[in-house]
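Before any comments, here is the structure.
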Amino acid sequence: MKRILTATAIAAALAAGNAQAGNTSGTFNVNVTLTSSCTLAAVTDLAFAYTSLQPGVSNATGGGFSVSCTATLPYTFGLFSGTPGTPPGAASISVTDNAVNLNYSLGLSAAGANGNGAAQLFSVTGTMAPSQPGTCATASCTNAAATNKTHTLIVNY
Amino acid sequence: MRSFAPVVTALMALLAGAPSWAGSTDKSVTVGITLSQPGGSGVASVPPQPPQQPQRAGVCYSRSLSEKTGATVQVVCDSGQFVSIEAVPGQPFLGVHGGAFRYSMSIDRDRSVYDAAAKDPFGWRTGWGTVTMLRLYDVQHAGGPGDFWADRPLELLVSF
């Protein structure tokens with residue numbers, strides 16, 4: 001009985017031992033090409049509420065948007081009146097609405113920034129100068145029929 | 001042999017001046033405008049009014065108050081620092097007294113009194129401000145026997 005136990009123990013020891021005769025190693029690189037990019041979320045519509053000949057400046061509501069860019073990637077904003085033009089666009093634009101004949105200016109809350117990988121919040125700002133009469137045949141009008149009410153925000157990176 | 005140095009220099013200058021953007025993305029921005037007429041809307045009838053003076057920047061007309069009182073009520077704030085209330089010339093109203101003045105109340109003196117006043121339902125405040133007021137009498141439209149015009153003053157007060 002004792003011999004059987006001894007033989008079993010030796011066999012187990014041999015089975016658990018390293019059966020490799022030797023080893024060697026090599027190194028390799030992992031090459032990554034990262035193409036930087038930015039994504040621009042939809043811009044909230046701007047809205048002006050203006051009383052004809054009002055004495056004070058009117059500031060638009062809305063205009064918020066977010067940009068997500070590769071971390072540390074610098075980017076700038078630009079504006080185009082109407083459809084996109086050649087980058088980088090302008091820091092501000094002046095437009096006279098062709099429905100209610102009111103002039104307004106659009107600007108930006110910042111010229112640009114550096115990406116951080118997360119959504120960063122900015123806004124398109126709008127101001128309307130005082131003392132403009134506008135054109136409106138009734139008590140109240142909107143510029144729904146205007147053909148120049150849509151403009152373009154561009155992110156350059 | 002012709003030198004290419006000027007050509008190379010010009011090309012380098014062009015490259016240096018070219019936009020360095022790796023890319024761009026854009027979205028549309030829509031601007032909505034609601035234009036309203038001064039004085040609002042929905043008034044069915046307007047009493048006869050004398051010819052209106054041309055509107056000036058900084059002059060505000062109260063249409064509802066004007067129609068209620070029969071007088072054109074206007075507030076002048078051309079400079080943004082001075083306010084006056086005027087009776088429009090040609091209307092049957094007699095301006096008795098009025099003017100604009102600055103006031104200052106010390107909040108360090110009798111603070112408890114001012115604190116109490118600040119809590120009242122009319123929202124009184126202490127400190128610097130400007131007040132203008134005008135008292136008018138309607139000298140034409142008597143309401144009947146015993147209706148003396150001096151008993152029906154119209155007083156306007158603007159403070160800020």
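For the structure tokens, the naming scheme is as follows: chains receive sequential letters (A, B, ...) according to their order of presentation, residues are indexed from 1 within each chain, and ligands are indexed from 1 in presentation order.
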Kindly assemble as a tab-separated table a list of the chain A residues that lie within 9 Å of chain B, each paired with its nearest atom pair and their distance in Å to one decimal, using only C-alpha atoms, sorted first by chain and then by ascending residue number.
```
residue	atom	partner	partner_atom	distance
A:Ser36	CA	B:Ala22	CA	8.2
A:Ser37	CA	B:Gly23	CA	7.3
A:Cys38	CA	B:Thr25	CA	7.2
A:Thr39	CA	B:Thr25	CA	6.8
A:Leu40	CA	B:Thr25	CA	6.7
A:Ala41	CA	B:Lys27	CA	7.6
A:Ala42	CA	B:Lys27	CA	6.3
A:Val43	CA	B:Val29	CA	5.9
A:Thr44	CA	B:Val29	CA	7.3
A:Asp45	CA	B:Thr30	CA	5.0
A:Leu46	CA	B:Val31	CA	4.7
A:Ala47	CA	B:Gly32	CA	4.6
A:Phe48	CA	B:Ile33	CA	4.7
A:Ala49	CA	B:Thr34	CA	4.9
A:Tyr50	CA	B:Leu35	CA	4.9
A:Thr51	CA	B:Ser36	CA	4.6
A:Ser52	CA	B:Gln37	CA	5.3
A:Leu53	CA	B:Ala57	CA	7.2
A:Gln54	CA	B:Ala57	CA	7.5
A:Pro55	CA	B:Gly58	CA	5.1
A:Gly56	CA	B:Gly58	CA	8.2
A:Ala60	CA	B:Val31	CA	8.7
A:Gly63	CA	B:Val29	CA	7.6
A:Tyr75	CA	B:Trp21	CA	8.7
A:Gly82	CA	B:Ser28	CA	8.3
A:Thr83	CA	B:Ser28	CA	8.0
A:Pro84	CA	B:Asp26	CA	7.7
A:Pro87	CA	B:Ser24	CA	7.8
A:Pro88	CA	B:Pro19	CA	8.3
A:Asp97	CA	B:Ile33	CA	8.6
A:Val100	CA	B:Leu35	CA	7.1
A:Leu102	CA	B:Ile33	CA	8.7
A:Val124	CA	B:Val29	CA	8.4
A:Gly126	CA	B:Val31	CA	8.7
A:Pro130	CA	B:Ala57	CA	8.2
A:Ser131	CA	B:Ala57	CA	6.1
A:Pro133	CA	B:Gln37	CA	8.9
A:Gly134	CA	B:Leu35	CA	7.4
A:Thr135	CA	B:Leu35	CA	8.3
A:Cys136	CA	B:Leu35	CA	7.3
A:Thr138	CA	B:Gln37	CA	7.9
A:Ala139	CA	B:Gln37	CA	5.3
A:Ser140	CA	B:Ser36	CA	4.3
A:Cys141	CA	B:Leu35	CA	5.1
A:Thr142	CA	B:Thr34	CA	4.4
A:Asn143	CA	B:Ile33	CA	5.4
A:Ala144	CA	B:Gly32	CA	7.1
A:Asn148	CA	B:Val31	CA	8.9
A:Lys149	CA	B:Val31	CA	5.2
A:Thr150	CA	B:Thr30	CA	4.3
A:His151	CA	B:Val29	CA	4.8
A:Thr152	CA	B:Ser28	CA	4.4
A:Leu153	CA	B:Lys27	CA	5.4
A:Ile154	CA	B:Asp26	CA	4.1
A:Val155	CA	B:Thr25	CA	5.3
A:Asn156	CA	B:Ser24	CA	4.4
A:Tyr157	CA	B:Trp21	CA	5.2
```
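Taking CA of Met128 in chain A as the reference point, CA of Gly89 in chain A is found at 21.0 Å.
For Ala91 in chain A, the set of protein, DNA and RNA residues having any atom at most 8 Å away, when counting only C-alpha atoms and skipping those fewer than 5 positions along the same chain, is Phe77, Gly78, Leu79, Gly107, Leu108 and Ala111 of chain A.
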task = Enumerate the residues of chain A with a DSSP assignment of helix (DSSP H, G or I), computed from the backbone, and present them as a PyMOL selection string.
result = chain A and resi 2-16
Restrict the selected residues to C-alpha atoms and save them as a PDB file, in the first residue's frame.
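Listing of part_5.pdb after writing:
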```
ATOM      1  CA  LYS A   2       2.802   2.437   0.862  1.00  0.00           C
ATOM      2  CA  ARG A   3       4.462   1.858  -2.544  1.00  0.00           C
ATOM      3  CA  ILE A   4       1.276   2.695  -4.344  1.00  0.00           C
ATOM      4  CA  LEU A   5       1.030   6.013  -2.553  1.00  0.00           C
ATOM      5  CA  THR A   6       4.650   6.901  -3.281  1.00  0.00           C
ATOM      6  CA  ALA A   7       4.270   6.141  -7.008  1.00  0.00           C
ATOM      7  CA  THR A   8       1.146   8.252  -7.218  1.00  0.00           C
ATOM      8  CA  ALA A   9       2.914  11.206  -5.569  1.00  0.00           C
ATOM      9  CA  ILE A  10       5.852  11.028  -7.991  1.00  0.00           C
ATOM     10  CA  ALA A  11       3.538  10.873 -10.995  1.00  0.00           C
ATOM     11  CA  ALA A  12       1.642  13.906  -9.787  1.00  0.00           C
ATOM     12  CA  ALA A  13       4.866  15.844  -9.284  1.00  0.00           C
ATOM     13  CA  LEU A  14       6.009  15.107 -12.839  1.00  0.00           C
ATOM     14  CA  ALA A  15       2.650  16.112 -14.274  1.00  0.00           C
ATOM     15  CA  ALA A  16       2.767  19.497 -12.497  1.00  0.00           C
TER      16      ALA A  16
END
```
request  = Using backbone DSSP assignments, extract all strand (DSSP E or B) residues from chain A; output them as a PyMOL selection string.
outcome  = chain A and resi 38-40+46-51+58-59+61+64-69+74-80+90+93-96+103-108+112-114+119-128+140-142+150-156
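Atom to atom, CA of Thr127 in chain A and CA of Asn59 in chain A stand 4.5 Å apart.
What separates CA of Ser81 in chain A from CA of Val95 in chain A is a distance of 7.3 Å.
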